[in-house]
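J.: Pasting in a structure now, in structure tokens, and then I'll have a few things to ask.
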Amino acid sequence: MSWLGATLLAFDLETTGTDIEHDRIVTAALVRLEPDGTVSAERHWLVDPGIPIPAEASAIHGISTEQARGGVPAREAVEEITRAIAEALAGGVPLVIMNARYDLSLLDRECRRHGVLPLSARVGGAPAPVIDPLVLDKHADRYRRGKRNLQALCEHYGVVLADAHEAGADAVAAARVARRVGEAFPAVGAVRLADLHALQIRAAAEQAASFQQYLRRTSDPQASIDPAWPVVPYGAGDPLAAAG
């Protein structure tokens, strides 16, 4: 059966910044979407990251340091989030994440920071199956000009994003965009989940190599982009993991 007919679990984080090695979770959302696109369950977290939230990050997601201090302690939230994702994957529910290598890598580092069993240890390796609308869109429509952030993809595929940078809204929009990509490109939408995951591993590596080549040509001759997807291995920190 095509993954387009599957129940999906959408995941999104809002954070203190874009560095997977040092930044922290501020808000998180897990939203379950049924095959018809309706939301059947959702969980949200406001997290105390334990560090000040930079003004530029607050300006994006709207959460101040003072607000976050009233949230769930980071270790507790990270444990709950990681356990919920592991349980869904164990049950065969695919995980949808816009720019998965950022969110999943940062979650991995938060687990290690707080002494929480990482997702990879819970599921016996890299999490799978994962569906990443950013990777899929770049693969299926490689030469389209313009931005590829979530807002741009929503506009392109006709998905409503009512509250950008609110984790729940972003998670739902990412899942709906992923389905639209699959509907628009049968070569993506018709494949089985295991094959789709493998396709994205290859596509993400190709996209990383292309981006690295671009950076070396235009701005940084020493630029290095880790090709790993959906998680950058621990110890191979990639400060550009949030680039897209």
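Simple scheme: letters A, B, ... for chains in structure tokens order, numbers from 1 for residues in each chain, numbers from 1 for ligands in the order shown.
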May I have the residues within 12 Å of region 106-122 of chain A as a ChimeraX atom specification, using only C-alpha atoms and disregarding those fewer than 3 positions away in the same chain?

T.: /A:11-28,47,49-50,73-90,99-103,125-128,230-239,241-242

J.: Run DSSP on the backbone and grab whatever in region 62-183 of chain A lands in strand (DSSP E); send it over as a PyMOL selection string.

T.: chain A and resi 72-73+95-96+130-131

J.: Enter the distance from CA of Ala6 (chain A) to CA of Trp229 (chain A), in Å, rounded to one decimal.

T.: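 These two atoms are separated by 21.8 Å.
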
J.: DSSP on the backbone, helix (DSSP H, G or I) only: what residues of region 7-189 of chain A does that give? Format it as number ranges by chain.

T.: A: 55-61, 65-68, 74-90, 100-114, 119-123, 133-140, 150-157, 167-184, 186-189

J.: Please compute the CA of Ala208 (chain A)-CA of Trp3 (chain A) distance, one decimal, in Å.

T.: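 Interatomic distance, CA of Ala208 (chain A) to CA of Trp3 (chain A): 25.0 Å.
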
J.: When you look at region 63-67 of chain A with a cut-off of 7 Å (counting only C-alpha atoms), what residues show up, excluding the ones that are within fewer than 4 positions of it in the same chain? I need them as number ranges by chain.

T.: A: 52-53, 58

J.: Using only C-alpha atoms, which of the listed residues (A:His165, A:Leu134, A:Gly5, A:Leu95) sits closest to Ala57 (chain A)?

T.: A:His165
